[in-house]
>>> print(open('structure.cif').read())   # mmCIF, C-alpha atoms and all ligand atoms; chains and numbers go by the auth columns
data_upload
#
loop_
_atom_site.group_PDB
_atom_site.id
_atom_site.type_symbol
_atom_site.label_atom_id
_atom_site.label_comp_id
_atom_site.label_asym_id
_atom_site.label_seq_id
_atom_site.Cartn_x
_atom_site.Cartn_y
_atom_site.Cartn_z
_atom_site.B_iso_or_equiv
_atom_site.auth_seq_id
_atom_site.auth_asym_id
ATOM 1 C CA MET A 1 -11.923 -6.386 15.589 0.00 174 Y
ATOM 2 C CA ARG A 2 -9.126 -7.387 17.947 0.00 175 Y
ATOM 3 C CA SER A 3 -10.047 -9.967 20.524 0.00 176 Y
ATOM 4 C CA VAL A 4 -9.459 -9.429 24.222 0.00 177 Y
ATOM 5 C CA LEU A 5 -7.102 -12.382 24.123 0.00 178 Y
ATOM 6 C CA GLU A 6 -5.076 -10.850 21.293 0.00 179 Y
ATOM 7 C CA ARG A 7 -4.802 -7.539 23.129 0.00 180 Y
ATOM 8 C CA ALA A 8 -3.819 -9.251 26.359 0.00 181 Y
ATOM 9 C CA SER A 9 -1.129 -11.223 24.575 0.00 182 Y
ATOM 10 C CA ASN A 10 0.154 -8.026 22.940 0.00 183 Y
ATOM 11 C CA VAL A 11 0.448 -6.397 26.363 0.00 184 Y
ATOM 12 C CA ALA A 12 2.273 -9.482 27.664 0.00 185 Y
ATOM 13 C CA LEU A 13 4.640 -9.398 24.687 0.00 186 Y
ATOM 14 C CA ASP A 14 5.338 -5.692 25.223 0.00 187 Y
ATOM 15 C CA LEU A 15 6.274 -6.436 28.830 0.00 188 Y
ATOM 16 C CA LEU A 16 8.567 -9.283 27.840 0.00 189 Y
ATOM 17 C CA PHE A 17 10.057 -7.504 24.844 0.00 190 Y
ATOM 18 C CA PRO A 18 9.599 -3.731 25.253 0.00 191 Y
ATOM 19 C CA PRO A 19 9.087 -2.169 21.825 0.00 192 Y
ATOM 20 C CA GLN A 20 12.106 -0.577 20.180 0.00 193 Y
ATOM 21 C CA CYS A 21 12.204 1.873 17.292 0.00 194 Y
ATOM 22 C CA ALA A 22 12.954 -0.118 14.122 0.00 195 Y
ATOM 23 C CA ILE A 23 15.236 2.662 12.889 0.00 196 Y
ATOM 24 C CA CYS A 24 17.096 4.192 15.857 0.00 197 Y
ATOM 25 C CA ARG A 25 16.479 1.483 18.496 0.00 198 Y
ATOM 26 C CA ALA A 26 15.135 3.965 21.038 0.00 199 Y
ATOM 27 C CA GLY A 27 12.785 2.285 23.490 0.00 200 Y
ATOM 28 C CA GLY A 28 9.058 2.961 23.740 0.00 201 Y
ATOM 29 C CA SER A 29 7.537 2.272 20.325 0.00 202 Y
ATOM 30 C CA VAL A 30 8.243 0.386 17.090 0.00 203 Y
ATOM 31 C CA LEU A 31 8.678 3.703 15.281 0.00 204 Y
ATOM 32 C CA CYS A 32 9.581 6.770 17.325 0.00 205 Y
ATOM 33 C CA GLU A 33 8.341 10.309 16.726 0.00 206 Y
ATOM 34 C CA LEU A 34 11.829 11.534 15.903 0.00 207 Y
ATOM 35 C CA CYS A 35 12.322 8.955 13.152 0.00 208 Y
ATOM 36 C CA ILE A 36 8.836 9.640 11.758 0.00 209 Y
ATOM 37 C CA ALA A 37 9.756 13.323 11.508 0.00 210 Y
ATOM 38 C CA MET A 38 12.925 12.386 9.546 0.00 211 Y
ATOM 39 C CA LEU A 39 11.120 10.313 6.884 0.00 212 Y
ATOM 40 C CA PRO A 40 11.593 11.725 3.362 0.00 213 Y
ATOM 41 C CA LEU A 41 8.314 13.435 2.442 0.00 214 Y
ATOM 42 C CA ALA A 42 7.251 13.113 -1.179 0.00 215 Y
ATOM 43 C CA GLU A 43 8.211 16.489 -2.632 0.00 216 Y
ATOM 44 C CA MET A 44 6.026 18.369 -5.081 0.00 217 Y
ATOM 45 C CA PRO A 45 5.356 18.808 -7.958 0.00 218 Y
ATOM 46 C CA ARG A 46 4.173 15.293 -8.772 0.00 219 Y
ATOM 47 C CA CYS A 47 2.031 13.721 -11.471 0.00 220 Y
ATOM 48 C CA ASP A 48 -1.577 13.926 -10.252 0.00 221 Y
ATOM 49 C CA ARG A 49 -2.187 10.382 -11.518 0.00 222 Y
ATOM 50 C CA CYS A 50 0.889 8.195 -10.911 0.00 223 Y
ATOM 51 C CA TRP A 51 2.665 10.429 -8.333 0.00 224 Y
ATOM 52 C CA ASP A 52 5.956 10.385 -10.249 0.00 225 Y
ATOM 53 C CA ASP A 53 8.008 13.493 -9.556 0.00 226 Y
ATOM 54 C CA LEU A 54 7.850 16.201 -12.185 0.00 227 Y
ATOM 55 C CA ARG A 55 9.875 19.270 -13.050 0.00 228 Y
ATOM 56 C CA SER A 56 6.707 21.213 -13.734 0.00 229 Y
ATOM 57 C CA GLY A 57 3.075 20.786 -14.700 0.00 230 Y
ATOM 58 C CA SER A 58 0.568 18.358 -13.244 0.00 231 Y
ATOM 59 C CA ARG A 59 0.795 15.187 -15.341 0.00 232 Y
ATOM 60 C CA CYS A 60 3.754 13.110 -16.548 0.00 233 Y
ATOM 61 C CA SER A 61 4.299 12.203 -20.200 0.00 234 Y
ATOM 62 C CA HIS A 62 3.549 8.511 -19.557 0.00 235 Y
ATOM 63 C CA CYS A 63 0.150 9.256 -18.033 0.00 236 Y
ATOM 64 C CA LEU A 64 -0.636 11.682 -20.862 0.00 237 Y
ATOM 65 C CA ALA A 65 0.217 8.986 -23.435 0.00 238 Y
ATOM 66 C CA THR A 66 -1.363 5.948 -21.763 0.00 239 Y
ATOM 67 C CA PRO A 67 -3.894 6.465 -19.014 0.00 240 Y
ATOM 68 C CA HIS A 68 -3.782 4.093 -16.052 0.00 241 Y
ATOM 69 C CA ALA A 69 -6.801 2.097 -14.880 0.00 242 Y
ATOM 70 C CA PHE A 70 -6.575 3.782 -11.477 0.00 243 Y
ATOM 71 C CA GLU A 71 -7.643 7.385 -10.943 0.00 244 Y
ATOM 72 C CA SER A 72 -4.639 8.280 -8.858 0.00 245 Y
ATOM 73 C CA VAL A 73 -1.808 7.046 -6.640 0.00 246 Y
ATOM 74 C CA ARG A 74 -0.646 8.864 -3.537 0.00 247 Y
ATOM 75 C CA ALA A 75 2.207 8.078 -1.158 0.00 248 Y
ATOM 76 C CA PRO A 76 3.307 10.165 1.810 0.00 249 Y
ATOM 77 C CA PHE A 77 7.015 9.418 1.285 0.00 250 Y
ATOM 78 C CA SER A 78 9.651 9.069 -1.394 0.00 251 Y
ATOM 79 C CA HIS A 79 11.631 5.833 -1.415 0.00 252 Y
ATOM 80 C CA GLY A 80 14.710 7.203 0.354 0.00 253 Y
ATOM 81 C CA ASP A 81 16.725 5.763 3.224 0.00 254 Y
ATOM 82 C CA ALA A 82 14.533 5.305 6.270 0.00 255 Y
ATOM 83 C CA ALA A 83 11.262 4.952 4.316 0.00 256 Y
ATOM 84 C CA ARG A 84 12.807 2.252 2.139 0.00 257 Y
ATOM 85 C CA ASP A 85 14.187 0.507 5.235 0.00 258 Y
ATOM 86 C CA LEU A 86 10.753 0.446 6.852 0.00 259 Y
ATOM 87 C CA VAL A 87 9.190 -1.159 3.777 0.00 260 Y
ATOM 88 C CA HIS A 88 11.970 -3.741 3.741 0.00 261 Y
ATOM 89 C CA LEU A 89 11.577 -4.542 7.446 0.00 262 Y
ATOM 90 C CA LEU A 90 7.802 -4.888 7.106 0.00 263 Y
ATOM 91 C CA LYS A 91 7.977 -6.952 3.942 0.00 264 Y
ATOM 92 C CA TYR A 92 10.982 -9.210 4.351 0.00 265 Y
ATOM 93 C CA GLU A 93 12.036 -9.166 8.004 0.00 266 Y
ATOM 94 C CA GLY A 94 8.722 -10.062 9.591 0.00 267 Y
ATOM 95 C CA LEU A 95 8.438 -6.785 11.518 0.00 268 Y
ATOM 96 C CA THR A 96 4.651 -6.781 11.137 0.00 269 Y
ATOM 97 C CA SER A 97 4.187 -4.454 14.117 0.00 270 Y
ATOM 98 C CA LEU A 98 5.384 -1.657 11.787 0.00 271 Y
ATOM 99 C CA ALA A 99 2.126 -1.905 9.831 0.00 272 Y
ATOM 100 C CA ARG A 100 0.363 0.088 12.537 0.00 273 Y
ATOM 101 C CA PRO A 101 2.441 3.280 12.475 0.00 274 Y
ATOM 102 C CA MET A 102 3.053 2.971 8.713 0.00 275 Y
ATOM 103 C CA GLY A 103 -0.670 2.490 8.022 0.00 276 Y
ATOM 104 C CA SER A 104 -1.431 5.457 10.275 0.00 277 Y
ATOM 105 C CA LEU A 105 0.919 7.656 8.287 0.00 278 Y
ATOM 106 C CA MET A 106 -0.795 6.550 5.068 0.00 279 Y
ATOM 107 C CA ALA A 107 -4.249 7.095 6.581 0.00 280 Y
ATOM 108 C CA SER A 108 -3.340 10.643 7.551 0.00 281 Y
ATOM 109 C CA LEU A 109 -2.869 11.573 3.882 0.00 282 Y
ATOM 110 C CA ARG A 110 -5.777 13.704 2.768 0.00 283 Y
ATOM 111 C CA ALA A 111 -6.051 11.591 -0.371 0.00 284 Y
ATOM 112 C CA THR A 112 -6.802 8.446 1.655 0.00 285 Y
ATOM 113 C CA LEU A 113 -9.609 10.031 3.636 0.00 286 Y
ATOM 114 C CA PRO A 114 -13.196 9.652 2.501 0.00 287 Y
ATOM 115 C CA ALA A 115 -13.524 13.437 2.867 0.00 288 Y
ATOM 116 C CA ALA A 116 -11.323 13.921 -0.222 0.00 289 Y
ATOM 117 C CA TYR A 117 -13.608 11.793 -2.449 0.00 290 Y
ATOM 118 C CA PRO A 118 -15.959 8.891 -1.903 0.00 291 Y
ATOM 119 C CA ILE A 119 -14.375 5.599 -0.847 0.00 292 Y
ATOM 120 C CA ASP A 120 -16.508 2.567 -0.026 0.00 293 Y
ATOM 121 C CA ILE A 121 -13.962 -0.186 0.643 0.00 294 Y
ATOM 122 C CA VAL A 122 -10.255 -0.603 1.339 0.00 295 Y
ATOM 123 C CA VAL A 123 -8.597 -3.413 -0.629 0.00 296 Y
ATOM 124 C CA PRO A 124 -4.996 -4.669 -0.433 0.00 297 Y
ATOM 125 C CA VAL A 125 -2.988 -5.696 -3.496 0.00 298 Y
ATOM 126 C CA PRO A 126 -3.027 -9.474 -3.002 0.00 299 Y
ATOM 127 C CA LEU A 127 -0.037 -11.777 -2.971 0.00 300 Y
ATOM 128 C CA HIS A 128 -0.151 -15.060 -4.833 0.00 301 Y
ATOM 129 C CA ARG A 129 -1.175 -17.892 -2.501 0.00 302 Y
ATOM 130 C CA GLY A 130 2.236 -19.532 -2.614 0.00 303 Y
ATOM 131 C CA ARG A 131 4.099 -16.349 -1.751 0.00 304 Y
ATOM 132 C CA GLN A 132 1.714 -15.483 1.049 0.00 305 Y
ATOM 133 C CA ARG A 133 2.142 -18.962 2.501 0.00 306 Y
ATOM 134 C CA ALA A 134 5.925 -18.616 2.393 0.00 307 Y
ATOM 135 C CA ARG A 135 5.915 -15.132 3.966 0.00 308 Y
ATOM 136 C CA GLY A 136 3.112 -15.881 6.398 0.00 309 Y
ATOM 137 C CA TYR A 137 1.329 -12.566 5.768 0.00 310 Y
ATOM 138 C CA ASN A 138 0.613 -9.954 3.138 0.00 311 Y
ATOM 139 C CA GLN A 139 2.218 -6.642 4.103 0.00 312 Y
ATOM 140 C CA ALA A 140 -0.256 -4.729 1.906 0.00 313 Y
ATOM 141 C CA ALA A 141 -3.163 -6.304 3.796 0.00 314 Y
ATOM 142 C CA LEU A 142 -1.672 -5.280 7.166 0.00 315 Y
ATOM 143 C CA LEU A 143 -1.359 -1.671 5.945 0.00 316 Y
ATOM 144 C CA ALA A 144 -4.837 -1.725 4.381 0.00 317 Y
ATOM 145 C CA ARG A 145 -6.429 -2.993 7.590 0.00 318 Y
ATOM 146 C CA GLN A 146 -4.828 -0.212 9.600 0.00 319 Y
ATOM 147 C CA ILE A 147 -5.982 2.423 7.093 0.00 320 Y
ATOM 148 C CA ALA A 148 -9.522 0.996 7.081 0.00 321 Y
ATOM 149 C CA ASN A 149 -9.618 1.037 10.899 0.00 322 Y
ATOM 150 C CA GLU A 150 -8.508 4.638 11.105 0.00 323 Y
ATOM 151 C CA ALA A 151 -10.687 5.905 8.269 0.00 324 Y
ATOM 152 C CA GLY A 152 -13.712 3.955 9.528 0.00 325 Y
ATOM 153 C CA LEU A 153 -14.085 2.096 6.221 0.00 326 Y
ATOM 154 C CA PRO A 154 -14.782 -1.571 5.472 0.00 327 Y
ATOM 155 C CA PHE A 155 -11.658 -3.668 4.870 0.00 328 Y
ATOM 156 C CA GLU A 156 -12.130 -6.184 2.043 0.00 329 Y
ATOM 157 C CA ALA A 157 -9.185 -8.582 2.201 0.00 330 Y
ATOM 158 C CA ARG A 158 -10.618 -10.922 -0.397 0.00 331 Y
ATOM 159 C CA ALA A 159 -11.934 -8.478 -2.983 0.00 332 Y
ATOM 160 C CA ALA A 160 -9.012 -9.224 -5.308 0.00 333 Y
ATOM 161 C CA ARG A 161 -6.742 -12.211 -5.717 0.00 334 Y
ATOM 162 C CA ARG A 162 -3.631 -12.958 -7.694 0.00 335 Y
ATOM 163 C CA VAL A 163 -4.454 -15.797 -10.051 0.00 336 Y
ATOM 164 C CA ARG A 164 -1.003 -16.086 -11.557 0.00 337 Y
ATOM 165 C CA ALA A 165 2.326 -16.157 -9.715 0.00 338 Y
ATOM 166 C CA THR A 166 4.608 -13.584 -11.326 0.00 339 Y
ATOM 167 C CA LYS A 167 8.333 -13.171 -10.994 0.00 340 Y
ATOM 168 C CA PRO A 168 9.305 -10.184 -8.860 0.00 341 Y
ATOM 169 C CA LEU A 169 9.583 -6.924 -10.779 0.00 342 Y
ATOM 170 C CA ALA A 170 13.214 -5.843 -10.863 0.00 343 Y
ATOM 171 C CA LYS A 171 14.648 -2.330 -10.947 0.00 344 Y
ATOM 172 C CA SER A 172 16.296 -3.075 -14.287 0.00 345 Y
ATOM 173 C CA MET A 173 13.003 -3.828 -16.052 0.00 346 Y
ATOM 174 C CA ASP A 174 11.485 -1.095 -18.158 0.00 347 Y
ATOM 175 C CA ARG A 175 7.897 0.082 -18.001 0.00 348 Y
ATOM 176 C CA ARG A 176 6.650 -2.164 -20.790 0.00 349 Y
ATOM 177 C CA GLU A 177 8.307 -5.282 -19.389 0.00 350 Y
ATOM 178 C CA ARG A 178 6.849 -4.672 -15.935 0.00 351 Y
ATOM 179 C CA ALA A 179 3.375 -4.143 -17.357 0.00 352 Y
ATOM 180 C CA SER A 180 3.482 -7.326 -19.434 0.00 353 Y
ATOM 181 C CA ILE A 181 4.580 -9.438 -16.438 0.00 354 Y
ATOM 182 C CA VAL A 182 1.626 -8.453 -14.248 0.00 355 Y
ATOM 183 C CA ALA A 183 -1.021 -8.075 -16.980 0.00 356 Y
ATOM 184 C CA GLY A 184 -3.921 -10.426 -16.262 0.00 357 Y
ATOM 185 C CA ALA A 185 -2.388 -11.620 -12.983 0.00 358 Y
ATOM 186 C CA PHE A 186 -5.374 -10.459 -10.908 0.00 359 Y
ATOM 187 C CA ARG A 187 -9.070 -11.252 -10.621 0.00 360 Y
ATOM 188 C CA ALA A 188 -11.634 -9.481 -8.475 0.00 361 Y
ATOM 189 C CA ASP A 189 -14.871 -10.681 -6.919 0.00 362 Y
ATOM 190 C CA PRO A 190 -17.892 -8.801 -8.353 0.00 363 Y
ATOM 191 C CA GLY A 191 -19.890 -9.643 -5.228 0.00 364 Y
ATOM 192 C CA ARG A 192 -17.461 -7.592 -3.148 0.00 365 Y
ATOM 193 C CA VAL A 193 -16.590 -4.729 -5.479 0.00 366 Y
ATOM 194 C CA GLU A 194 -19.517 -4.062 -7.822 0.00 367 Y
ATOM 195 C CA GLY A 195 -20.612 -0.422 -7.679 0.00 368 Y
ATOM 196 C CA ARG A 196 -18.005 0.392 -5.029 0.00 369 Y
ATOM 197 C CA ALA A 197 -15.335 3.080 -4.986 0.00 370 Y
ATOM 198 C CA VAL A 198 -12.130 1.278 -4.017 0.00 371 Y
ATOM 199 C CA LEU A 199 -9.071 2.462 -2.132 0.00 372 Y
ATOM 200 C CA LEU A 200 -6.322 0.061 -3.230 0.00 373 Y
ATOM 201 C CA VAL A 201 -3.344 -0.327 -0.891 0.00 374 Y
ATOM 202 C CA ASP A 202 0.219 -1.497 -1.489 0.00 375 Y
ATOM 203 C CA ASP A 203 3.575 -0.863 0.192 0.00 376 Y
ATOM 204 C CA VAL A 204 5.443 0.683 -2.761 0.00 377 Y
ATOM 205 C CA VAL A 205 4.630 2.000 -6.211 0.00 378 Y
ATOM 206 C CA THR A 206 7.314 2.085 -8.909 0.00 379 Y
ATOM 207 C CA THR A 207 5.909 2.493 -12.434 0.00 380 Y
ATOM 208 C CA GLY A 208 2.383 1.648 -11.267 0.00 381 Y
ATOM 209 C CA ALA A 209 2.260 -1.593 -13.312 0.00 382 Y
ATOM 210 C CA THR A 210 1.054 -3.773 -10.418 0.00 383 Y
ATOM 211 C CA LEU A 211 -1.500 -1.224 -9.210 0.00 384 Y
ATOM 212 C CA ASP A 212 -2.678 -0.797 -12.785 0.00 385 Y
ATOM 213 C CA ALA A 213 -3.178 -4.535 -13.386 0.00 386 Y
ATOM 214 C CA CYS A 214 -4.993 -4.939 -10.075 0.00 387 Y
ATOM 215 C CA SER A 215 -7.134 -1.851 -10.741 0.00 388 Y
ATOM 216 C CA ARG A 216 -8.100 -3.223 -14.137 0.00 389 Y
ATOM 217 C CA ALA A 217 -9.324 -6.461 -12.518 0.00 390 Y
ATOM 218 C CA LEU A 218 -11.340 -4.469 -9.967 0.00 391 Y
ATOM 219 C CA LEU A 219 -12.922 -2.339 -12.706 0.00 392 Y
ATOM 220 C CA ASP A 220 -13.642 -5.447 -14.814 0.00 393 Y
ATOM 221 C CA ALA A 221 -15.492 -6.854 -11.797 0.00 394 Y
ATOM 222 C CA GLY A 222 -17.662 -3.736 -11.669 0.00 395 Y
ATOM 223 C CA ALA A 223 -15.840 -1.417 -9.251 0.00 396 Y
ATOM 224 C CA LEU A 224 -16.872 2.203 -9.697 0.00 397 Y
ATOM 225 C CA SER A 225 -13.377 3.643 -9.414 0.00 398 Y
ATOM 226 C CA VAL A 226 -9.970 2.800 -7.962 0.00 399 Y
ATOM 227 C CA ARG A 227 -7.635 5.148 -6.139 0.00 400 Y
ATOM 228 C CA ALA A 228 -4.403 3.819 -4.727 0.00 401 Y
ATOM 229 C CA VAL A 229 -2.233 4.646 -1.761 0.00 402 Y
ATOM 230 C CA THR A 230 1.232 3.297 -0.989 0.00 403 Y
ATOM 231 C CA PHE A 231 3.805 4.063 1.698 0.00 404 Y
ATOM 232 C CA THR A 232 6.515 5.187 -0.725 0.00 405 Y
ATOM 233 C CA ARG A 233 6.948 6.141 -4.374 0.00 406 Y
ATOM 234 C CA ALA A 234 10.130 4.559 -5.716 0.00 407 Y
HETATM 235 ZN ZN ZN B . 13.565 6.140 16.105 0.00 1 K
HETATM 236 ZN ZN ZN B . 2.074 10.036 -14.263 0.00 2 K
#
>>> encode(input="structure.cif", output="structure tokens")
Amino acid sequence: MRSVLERASNVALDLLFPPQCAICRAGGSVLCELCIAMLPLAEMPRCDRCWDDLRSGSRCSHCLATPHAFESVRAPFSHGDAARDLVHLLKYEGLTSLARPMGSLMASLRATLPAAYPIDIVVPVPLHRGRQRARGYNQAALLARQIANEAGLPFEARAARRVRATKPLAKSMDRRERASIVAGAFRADPGRVEGRAVLLVDDVVTTGATLDACSRALLDAGALSVRAVTFTRA
């Protein structure tokens, strides 16, 4: 719940620094309607579990061979141009005001709405304490809070935590390497997740290794199921 003071200070900030579109610099909002319309939609067909693009069929060979801990991942956009830029600005450039329109776009996905299947709580993929301290915020938590607000679901910021700092996953790493780096890096709090259907939120999914490791921790702590949503699919 936003305090009156917080809202008043946001209004004051908007007057001092009128919002500008992060992509085209047009005045009026942090992300304008025109730029939203230009974002690269995730094209079908895609794997119904990990959301990787497919030539045909409904499930990729990786998901057929080794099932993930999560039920599914969905992302409204592919990781092209403007969508990638938005993730970068939110994550590394401190443009936290982007979490609102980005979270709204994620919340408007049918797969994130409780109508599609039961969801009890919205949980962000946590950052390790040290990284969160250095960045000052967790971009996944900002997106998750916005989704929870719009979907009318409880936001559980502390349901999962990262117990081990891991080196960033690089593009050059293969699937197995990525999975081994994040394996066992998460723990979840049974008191917050037991018997609950979880919507897990992150900014980007690549091979699904991070979402998988976090989902496993949530399931180990007694979560009923985990479905994930991200802004883009790299
Ligand atoms: Zn724009
Ligand atoms: Zn797949």
>>> residues_near_point(input="structure.cif", point="(-2.6, -8.5, -6.6)", cutoff="7 Å", atoms="only C-alpha atoms", output="list in words")
Val298, Pro299, Leu300, Ala333, Arg334, Arg335, Phe359 and Cys387 of chain Y
>>> closest_atom_pairs(input="structure.cif", of="chain Y", to="ligand ZN 1 (chain K)", cutoff="10 Å", atoms="only C-alpha atoms and all ligand atoms", output="CSV")
residue,atom,partner,partner_atom,distance
Y:Gln193,CA,K:ZN1,ZN,8.0
Y:Cys194,CA,K:ZN1,ZN,4.6
Y:Ala195,CA,K:ZN1,ZN,6.6
Y:Ile196,CA,K:ZN1,ZN,5.0
Y:Cys197,CA,K:ZN1,ZN,4.0
Y:Arg198,CA,K:ZN1,ZN,6.0
Y:Ala199,CA,K:ZN1,ZN,5.6
Y:Gly200,CA,K:ZN1,ZN,8.4
Y:Gly201,CA,K:ZN1,ZN,9.4
Y:Ser202,CA,K:ZN1,ZN,8.3
Y:Val203,CA,K:ZN1,ZN,7.9
Y:Leu204,CA,K:ZN1,ZN,5.5
Y:Cys205,CA,K:ZN1,ZN,4.2
Y:Glu206,CA,K:ZN1,ZN,6.7
Y:Leu207,CA,K:ZN1,ZN,5.7
Y:Cys208,CA,K:ZN1,ZN,4.3
Y:Ile209,CA,K:ZN1,ZN,7.3
Y:Ala210,CA,K:ZN1,ZN,9.3
Y:Met211,CA,K:ZN1,ZN,9.1
Y:Ala255,CA,K:ZN1,ZN,9.9
>>> closest_residue(input="structure.cif", among="Y:Pro297, Y:Gly230, Y:Ala407, Y:Ala386", to="Lys344 in chain Y", atoms="all atoms listed in the file")
Y:Ala407
>>> atom_distance(input="structure.cif", atom1="CA of Gly381 in chain Y", atom2="CA of Leu316 in chain Y")
17.9 Å
>>> resolve_selection(input="structure.cif", expression="the PyMOL selection byres (((not hetatm)) within 10 of (chain K and resi 2))", output="list in words")
Arg219, Cys220, Asp221, Arg222, Cys223, Trp224, Asp225, Asp226, Leu227, Ser231, Arg232, Cys233, Ser234, His235, Cys236, Leu237, Ala238, Thr239, Pro240, His241, Ser245, Val246, Thr380 and Gly381 of chain Y
>>> resolve_selection(input="structure.cif", expression="the PyMOL selection byres (((chain Y and resi 398) around 9) and not hetatm)", output="number ranges by chain")
Y: 242-244, 292, 368-372, 388, 391-392, 395-397, 399-400
>>> resolve_selection(input="structure.cif", expression="the PyMOL selection byres (((chain Y and resi 338) around 9) and not hetatm)", output="VMD selection string")
chain Y and resid 300 to 304 335 to 337 339 to 340 355 358
>>> atom_distance(input="structure.cif", atom1="CA of Gln312 in chain Y", atom2="CA of Thr405 in chain Y")
13.5 Å
>>> atom_distance(input="structure.cif", atom1="CA of Arg406 in chain Y", atom2="CA of Tyr265 in chain Y")
18.1 Å
>>> closest_residue(input="structure.cif", among="Y:Ala248, Y:Leu212, Y:Arg308, Y:Leu178", to="Thr379 in chain Y", atoms="only C-alpha atoms")
Y:Ala248
>>> axis_aligned_box(input="structure.cif", around="range 391-399 of chain Y", padding_each_side="4 Å", output="JSON")
{"center_x": -13.8, "center_y": -1.6, "center_z": -11.4, "size_x": 15.7, "size_y": 18.5, "size_z": 14.9}
>>> residues_around(input="structure.cif", residues="Ala394 in chain Y", least_positions_apart="4", cutoff="7 Å", atoms="only C-alpha atoms", output="count of residues only")
6
>>> closest_residue(input="structure.cif", among="Y:Ala181, Y:Ala356, Y:Ala215, Y:Ala313", to="Asp385 in chain Y", atoms="all atoms listed in the file")
Y:Ala356
>>> closest_residue(input="structure.cif", among="Y:Ala343, Y:Ala382, Y:Val377, Y:Val296", to="Arg365 in chain Y", atoms="all atoms listed in the file")
Y:Val296
>>> residues_around(input="structure.cif", residues="Phe404 in chain Y", least_positions_apart="6", cutoff="10 Å", atoms="all atoms listed in the file", output="list in words")
Arg247, Ala248, Pro249, Phe250, Ser251, His252, Ala256, Arg257, Leu259, Val260, Met275, Gly276, Leu278, Met279, Ala280, Ala313, Leu316, Val374, Asp375, Asp376, Val377 and Val378 of chain Y
>>> write_last_selection(input="structure.cif", atoms="C-alpha atoms", output="PDB file, in the frame of the given file")
ATOM      1  CA  ARG Y 247      -0.646   8.864  -3.537  1.00  0.00           C
ATOM      2  CA  ALA Y 248       2.207   8.078  -1.158  1.00  0.00           C
ATOM      3  CA  PRO Y 249       3.307  10.165   1.810  1.00  0.00           C
ATOM      4  CA  PHE Y 250       7.015   9.418   1.285  1.00  0.00           C
ATOM      5  CA  SER Y 251       9.651   9.069  -1.394  1.00  0.00           C
ATOM      6  CA  HIS Y 252      11.631   5.833  -1.415  1.00  0.00           C
ATOM      7  CA  ALA Y 256      11.262   4.952   4.316  1.00  0.00           C
ATOM      8  CA  ARG Y 257      12.807   2.252   2.139  1.00  0.00           C
ATOM      9  CA  LEU Y 259      10.753   0.446   6.852  1.00  0.00           C
ATOM     10  CA  VAL Y 260       9.190  -1.159   3.777  1.00  0.00           C
ATOM     11  CA  MET Y 275       3.053   2.971   8.713  1.00  0.00           C
ATOM     12  CA  GLY Y 276      -0.670   2.490   8.022  1.00  0.00           C
ATOM     13  CA  LEU Y 278       0.919   7.656   8.287  1.00  0.00           C
ATOM     14  CA  MET Y 279      -0.795   6.550   5.068  1.00  0.00           C
ATOM     15  CA  ALA Y 280      -4.249   7.095   6.581  1.00  0.00           C
ATOM     16  CA  ALA Y 313      -0.256  -4.729   1.906  1.00  0.00           C
ATOM     17  CA  LEU Y 316      -1.359  -1.671   5.945  1.00  0.00           C
ATOM     18  CA  VAL Y 374      -3.344  -0.327  -0.891  1.00  0.00           C
ATOM     19  CA  ASP Y 375       0.219  -1.497  -1.489  1.00  0.00           C
ATOM     20  CA  ASP Y 376       3.575  -0.863   0.192  1.00  0.00           C
ATOM     21  CA  VAL Y 377       5.443   0.683  -2.761  1.00  0.00           C
ATOM     22  CA  VAL Y 378       4.630   2.000  -6.211  1.00  0.00           C
TER      23      VAL Y 378
END
>>> closest_residue(input="structure.cif", among="Y:Lys264, Y:Ser270, Y:Met346, Y:Arg331", to="Ala307 in chain Y", atoms="all atoms listed in the file")
Y:Lys264
>>> build_atoms(input="structure.cif", residues="range 273-281 of chain Y", atoms="N, CA and C atoms", output="mmCIF file, in the frame of the given file")
data_model
loop_
_atom_site.group_PDB
_atom_site.id
_atom_site.type_symbol
_atom_site.label_atom_id
_atom_site.label_comp_id
_atom_site.auth_asym_id
_atom_site.auth_seq_id
_atom_site.Cartn_x
_atom_site.Cartn_y
_atom_site.Cartn_z
ATOM 1 N N ARG Y 273 1.233 -0.863 11.835
ATOM 2 C CA ARG Y 273 0.363 0.088 12.537
ATOM 3 C C ARG Y 273 0.808 1.528 12.331
ATOM 4 N N PRO Y 274 2.050 1.888 12.720
ATOM 5 C CA PRO Y 274 2.441 3.280 12.475
ATOM 6 C C PRO Y 274 2.527 3.624 10.986
ATOM 7 N N MET Y 275 2.957 2.671 10.151
ATOM 8 C CA MET Y 275 3.053 2.971 8.713
ATOM 9 C C MET Y 275 1.656 3.195 8.116
ATOM 10 N N GLY Y 276 0.708 2.336 8.500
ATOM 11 C CA GLY Y 276 -0.670 2.490 8.022
ATOM 12 C C GLY Y 276 -1.267 3.804 8.499
ATOM 13 N N SER Y 277 -0.920 4.183 9.742
ATOM 14 C CA SER Y 277 -1.431 5.457 10.275
ATOM 15 C C SER Y 277 -0.926 6.627 9.458
ATOM 16 N N LEU Y 278 0.349 6.573 9.089
ATOM 17 C CA LEU Y 278 0.919 7.656 8.287
ATOM 18 C C LEU Y 278 0.236 7.731 6.923
ATOM 19 N N MET Y 279 -0.091 6.562 6.356
ATOM 20 C CA MET Y 279 -0.795 6.550 5.068
ATOM 21 C C MET Y 279 -2.226 7.055 5.241
ATOM 22 N N ALA Y 280 -2.858 6.690 6.348
ATOM 23 C CA ALA Y 280 -4.249 7.095 6.581
ATOM 24 C C ALA Y 280 -4.366 8.596 6.809
ATOM 25 N N SER Y 281 -3.268 9.212 7.263
ATOM 26 C CA SER Y 281 -3.340 10.643 7.551
ATOM 27 C C SER Y 281 -3.217 11.491 6.285
#
